[in-house]
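Notes follow once the structure below has been shown.
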Amino acid sequence: MTITESTNGVRNGVDTTTLFATLDAVKATPAAAQFKFRASNRWMSGTHSQSTIHGFFGVGEERAHEQAMTLDVDHPKVLVGTDEGPTPVEYLLHALAGCLTAGLANIAAARGVELTEVTSIVEGDIDLNGILGLNPDVRNGFSAIRVSFDVKGDAPAEKLAAIVEQSRARSAVFDVLTNGVPVSIEVNAG
């Protein structure tokens, strides 16, 4: 793979100088790659809750985002909610789209491809008979997820498709969704 960068070190909004420096730093010190991200959540009422994302651990120490981010989660009225925010599964689709798109921009920048437009639609199928406990044979989560990208840039269609494929291959969210991850739950009741 040939890695190129623009004259000012930024391509597609990606600071390629920092990107390549990060790659070199992690190669030299693999422990720097260990991160822990977190979100705290507070129930508001009914199906409405609010998450705050601020602190995380990375490059050997506790860090924080530039500002705390607050995200509302709810269900639409047809699902007994008050529609104060997207549903949890819609956030999951958003996370997949965001991860794939960020990867695509980084990979295109590293490969010297100028992007002019990237849009996607991520759609998931879910049968509420599982979540509602009406049919034990129906899974609670999505039965299928589809992602459709429209990508335009200064490269042939085959190269743009290869960049999307590389983003899929390196996507943390795609990996979690397709390979699963152990999840533990601790309850402190009182």
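Residue names in the structure tokens use chain letters A, B, ... in the order shown, residue numbers from 1 in each chain, and ligand numbers from 1 in the order shown.
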
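Every residue of stretch 93-147 of chain A with a DSSP assignment of helix (DSSP H, G or I), taken from the backbone, is listed as Leu93, His94, Ala95, Leu96, Ala97, Gly98, Cys99, Leu100, Thr101, Ala102, Gly103, Leu104, Ala105, Asn106, Ile107, Ala108, Ala109, Ala110, Leu128, Asn129, Gly130 and Ile131 of chain A.
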
Spatial neighbours of A:Asp83, 8 Å, only C-alpha atoms, chain gap at least 6 places, as a compact mmCIF listing (two decimals) with all heavy atoms, in the first residue's frame:
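The resulting file, selection-v4.txt, is shown below:
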# COMPACT_ATOMS: atom_id res chain seq x y z
N HIS A 48 -37.43 6.54 28.86
CA HIS A 48 -36.46 7.61 28.61
C HIS A 48 -35.31 7.53 29.61
O HIS A 48 -35.52 7.50 30.82
CB HIS A 48 -37.17 8.96 28.71
CG HIS A 48 -36.28 10.15 28.49
ND1 HIS A 48 -36.54 11.36 29.07
CD2 HIS A 48 -35.14 10.31 27.79
CE1 HIS A 48 -35.61 12.23 28.71
NE2 HIS A 48 -34.74 11.61 27.94
N ASP A 74 -34.78 6.80 24.13
CA ASP A 74 -36.20 6.60 24.43
C ASP A 74 -36.78 5.67 23.37
O ASP A 74 -36.07 5.14 22.52
CB ASP A 74 -36.94 7.95 24.44
CG ASP A 74 -38.24 7.91 25.24
OD1 ASP A 74 -38.66 6.82 25.67
OD2 ASP A 74 -38.84 8.98 25.42
N HIS A 75 -38.06 5.48 23.44
CA HIS A 75 -38.80 4.73 22.43
C HIS A 75 -39.87 5.65 21.86
O HIS A 75 -40.33 6.58 22.54
CB HIS A 75 -39.48 3.49 23.05
CG HIS A 75 -38.50 2.44 23.45
ND1 HIS A 75 -38.24 2.11 24.76
CD2 HIS A 75 -37.70 1.65 22.71
CE1 HIS A 75 -37.34 1.15 24.81
NE2 HIS A 75 -36.98 0.85 23.58
N PRO A 76 -40.30 5.38 20.63
CA PRO A 76 -41.40 6.18 20.08
C PRO A 76 -42.70 5.86 20.83
O PRO A 76 -42.80 4.86 21.54
CB PRO A 76 -41.48 5.73 18.62
CG PRO A 76 -40.80 4.42 18.56
CD PRO A 76 -39.82 4.38 19.69
N LYS A 77 -43.67 6.72 20.67
CA LYS A 77 -44.94 6.55 21.39
C LYS A 77 -45.60 5.22 21.09
O LYS A 77 -46.21 4.61 21.97
CB LYS A 77 -45.87 7.73 21.09
CG LYS A 77 -45.36 9.01 21.71
CD LYS A 77 -46.27 10.19 21.46
CE LYS A 77 -45.64 11.41 22.14
NZ LYS A 77 -46.44 12.60 22.03

>> Applying 8 Å and only C-alpha atoms, which residues near A:Gly141 remain after dropping the ones on its own chain fewer than 3 positions away? List them as a PyMOL selection string.
In response: chain A and resi 126-127+130-131

> Excluding same-chain residues fewer than 2 positions from stretch 20-32 of chain A, what lies within 7 Å of it counting only C-alpha atoms, as a list in words?
Replying inline: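 My list of contacting residues is Thr16, Thr17, Thr18, Gln34, Val59 and Gly60 of chain A.
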
Given the selection you just returned, output its residues as a file containing C-alpha atoms, formatted as a PDB file, in the first residue's frame.
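The result, written out as out00.pdb:
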ATOM      1  CA  THR A  16      -2.699  12.403   8.140  1.00  0.00           C
ATOM      2  CA  THR A  17       0.485  13.573   9.879  1.00  0.00           C
ATOM      3  CA  THR A  18      -1.070  12.741  13.254  1.00  0.00           C
ATOM      4  CA  GLN A  34      -5.132  -0.091  25.227  1.00  0.00           C
ATOM      5  CA  VAL A  59      -2.421   5.995  26.052  1.00  0.00           C
ATOM      6  CA  GLY A  60      -1.738   4.960  29.644  1.00  0.00           C
TER       7      GLY A  60
END

> Hey, what's within 10 Å of A:Lys36 if we count only C-alpha atoms and toss same-chain stuff fewer than 5 positions away? As a PyMOL selection string, please?
Replying inline: chain A and resi 55-58+62

Selected residues written out with C-alpha atoms, as a short mmCIF file (atom, residue, chain, number, x, y, z; two decimals), in the first residue's frame:
data_model
loop_
_atom_site.label_atom_id
_atom_site.label_comp_id
_atom_site.auth_asym_id
_atom_site.auth_seq_id
_atom_site.Cartn_x
_atom_site.Cartn_y
_atom_site.Cartn_z
CA GLY A 55 -14.06 10.36 30.43
CA PHE A 56 -12.07 7.48 29.00
CA PHE A 57 -8.73 5.73 29.51
CA GLY A 58 -6.16 5.81 26.73
CA GLU A 62 -7.35 8.82 32.27
#

>> Need to verify the contact set: stretch 150-160 of chain A, 10 Å, only C-alpha atoms, exclusion of same-chain residues closer than 4 positions in sequence. Can you return it as a ChimeraX atom specification?
In response: /A:104,108,111-121,164-166

Store the residues picked out above in a file with N, CA, C and O atoms, as a PDB file, in the first residue's frame.
ATOM      1  N   LEU A 104     -13.500   4.744   6.775  1.00  0.00           N
ATOM      2  CA  LEU A 104     -13.421   5.026   5.343  1.00  0.00           C
ATOM      3  C   LEU A 104     -12.660   6.332   5.096  1.00  0.00           C
ATOM      4  O   LEU A 104     -11.774   6.391   4.237  1.00  0.00           O
ATOM      5  N   ALA A 108      -9.090   6.325   3.197  1.00  0.00           N
ATOM      6  CA  ALA A 108      -8.989   7.091   1.947  1.00  0.00           C
ATOM      7  C   ALA A 108      -7.878   8.127   2.061  1.00  0.00           C
ATOM      8  O   ALA A 108      -7.064   8.284   1.139  1.00  0.00           O
ATOM      9  N   ARG A 111      -4.505   6.570   1.827  1.00  0.00           N
ATOM     10  CA  ARG A 111      -4.219   6.069   0.482  1.00  0.00           C
ATOM     11  C   ARG A 111      -4.190   7.175  -0.568  1.00  0.00           C
ATOM     12  O   ARG A 111      -4.090   6.906  -1.760  1.00  0.00           O
ATOM     13  N   GLY A 112      -4.307   8.418  -0.135  1.00  0.00           N
ATOM     14  CA  GLY A 112      -4.211   9.540  -1.063  1.00  0.00           C
ATOM     15  C   GLY A 112      -5.451   9.785  -1.881  1.00  0.00           C
ATOM     16  O   GLY A 112      -5.390  10.445  -2.922  1.00  0.00           O
ATOM     17  N   VAL A 113      -6.605   9.305  -1.430  1.00  0.00           N
ATOM     18  CA  VAL A 113      -7.858   9.476  -2.165  1.00  0.00           C
ATOM     19  C   VAL A 113      -8.629  10.643  -1.556  1.00  0.00           C
ATOM     20  O   VAL A 113      -8.883  10.668  -0.355  1.00  0.00           O
ATOM     21  N   GLU A 114      -8.977  11.601  -2.398  1.00  0.00           N
ATOM     22  CA  GLU A 114      -9.818  12.718  -1.984  1.00  0.00           C
ATOM     23  C   GLU A 114     -11.279  12.300  -2.127  1.00  0.00           C
ATOM     24  O   GLU A 114     -11.727  11.943  -3.215  1.00  0.00           O
ATOM     25  N   LEU A 115     -12.013  12.343  -1.028  1.00  0.00           N
ATOM     26  CA  LEU A 115     -13.441  12.038  -1.051  1.00  0.00           C
ATOM     27  C   LEU A 115     -14.224  13.319  -1.310  1.00  0.00           C
ATOM     28  O   LEU A 115     -13.858  14.380  -0.803  1.00  0.00           O
ATOM     29  N   THR A 116     -15.290  13.212  -2.082  1.00  0.00           N
ATOM     30  CA  THR A 116     -16.151  14.365  -2.308  1.00  0.00           C
ATOM     31  C   THR A 116     -17.514  14.182  -1.662  1.00  0.00           C
ATOM     32  O   THR A 116     -18.178  15.156  -1.340  1.00  0.00           O
ATOM     33  N   GLU A 117     -17.919  12.932  -1.452  1.00  0.00           N
ATOM     34  CA  GLU A 117     -19.207  12.670  -0.805  1.00  0.00           C
ATOM     35  C   GLU A 117     -19.246  11.238  -0.308  1.00  0.00           C
ATOM     36  O   GLU A 117     -18.846  10.314  -1.012  1.00  0.00           O
ATOM     37  N   VAL A 118     -19.736  11.074   0.912  1.00  0.00           N
ATOM     38  CA  VAL A 118     -19.958   9.743   1.479  1.00  0.00           C
ATOM     39  C   VAL A 118     -21.282   9.785   2.228  1.00  0.00           C
ATOM     40  O   VAL A 118     -21.462  10.592   3.135  1.00  0.00           O
ATOM     41  N   THR A 119     -22.210   8.955   1.809  1.00  0.00           N
ATOM     42  CA  THR A 119     -23.480   8.822   2.520  1.00  0.00           C
ATOM     43  C   THR A 119     -23.760   7.336   2.695  1.00  0.00           C
ATOM     44  O   THR A 119     -23.243   6.490   1.940  1.00  0.00           O
ATOM     45  N   SER A 120     -24.542   7.021   3.707  1.00  0.00           N
ATOM     46  CA  SER A 120     -24.908   5.622   3.918  1.00  0.00           C
ATOM     47  C   SER A 120     -26.291   5.532   4.526  1.00  0.00           C
ATOM     48  O   SER A 120     -26.779   6.478   5.142  1.00  0.00           O
ATOM     49  N   ILE A 121     -26.882   4.388   4.336  1.00  0.00           N
ATOM     50  CA  ILE A 121     -28.132   4.029   5.000  1.00  0.00           C
ATOM     51  C   ILE A 121     -27.870   2.707   5.691  1.00  0.00           C
ATOM     52  O   ILE A 121     -27.378   1.756   5.076  1.00  0.00           O
ATOM     53  N   VAL A 164     -13.924   0.947   1.254  1.00  0.00           N
ATOM     54  CA  VAL A 164     -15.062   0.588   2.104  1.00  0.00           C
ATOM     55  C   VAL A 164     -14.839  -0.795   2.704  1.00  0.00           C
ATOM     56  O   VAL A 164     -15.073  -1.011   3.900  1.00  0.00           O
ATOM     57  N   GLU A 165     -14.355  -1.731   1.913  1.00  0.00           N
ATOM     58  CA  GLU A 165     -14.091  -3.087   2.408  1.00  0.00           C
ATOM     59  C   GLU A 165     -13.027  -3.070   3.503  1.00  0.00           C
ATOM     60  O   GLU A 165     -13.149  -3.760   4.518  1.00  0.00           O
ATOM     61  N   GLN A 166     -11.969  -2.279   3.330  1.00  0.00           N
ATOM     62  CA  GLN A 166     -10.934  -2.191   4.363  1.00  0.00           C
ATOM     63  C   GLN A 166     -11.504  -1.563   5.632  1.00  0.00           C
ATOM     64  O   GLN A 166     -11.156  -1.978   6.741  1.00  0.00           O
TER      65      GLN A 166
END

>> Going by DSSP on the backbone, which residues of stretch 15-102 of chain A come out as strand (DSSP E or B)? List them as an NGL selection string.
In response: :A and (15 or 36-37 or 40-45 or 48-58 or 61-73)

>> Report as a list in words all protein, DNA and RNA residues lying within 12 Å of A:Met44, evaluated on only C-alpha atoms, omitting residues in the same chain fewer than 4 positions from it.
In response: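 Here the answer would be His48, Ser49, Gln50, Ser51, Asp72, Val73, Asp74, Gly81, Thr82, Glu84 and Gly85 of chain A.
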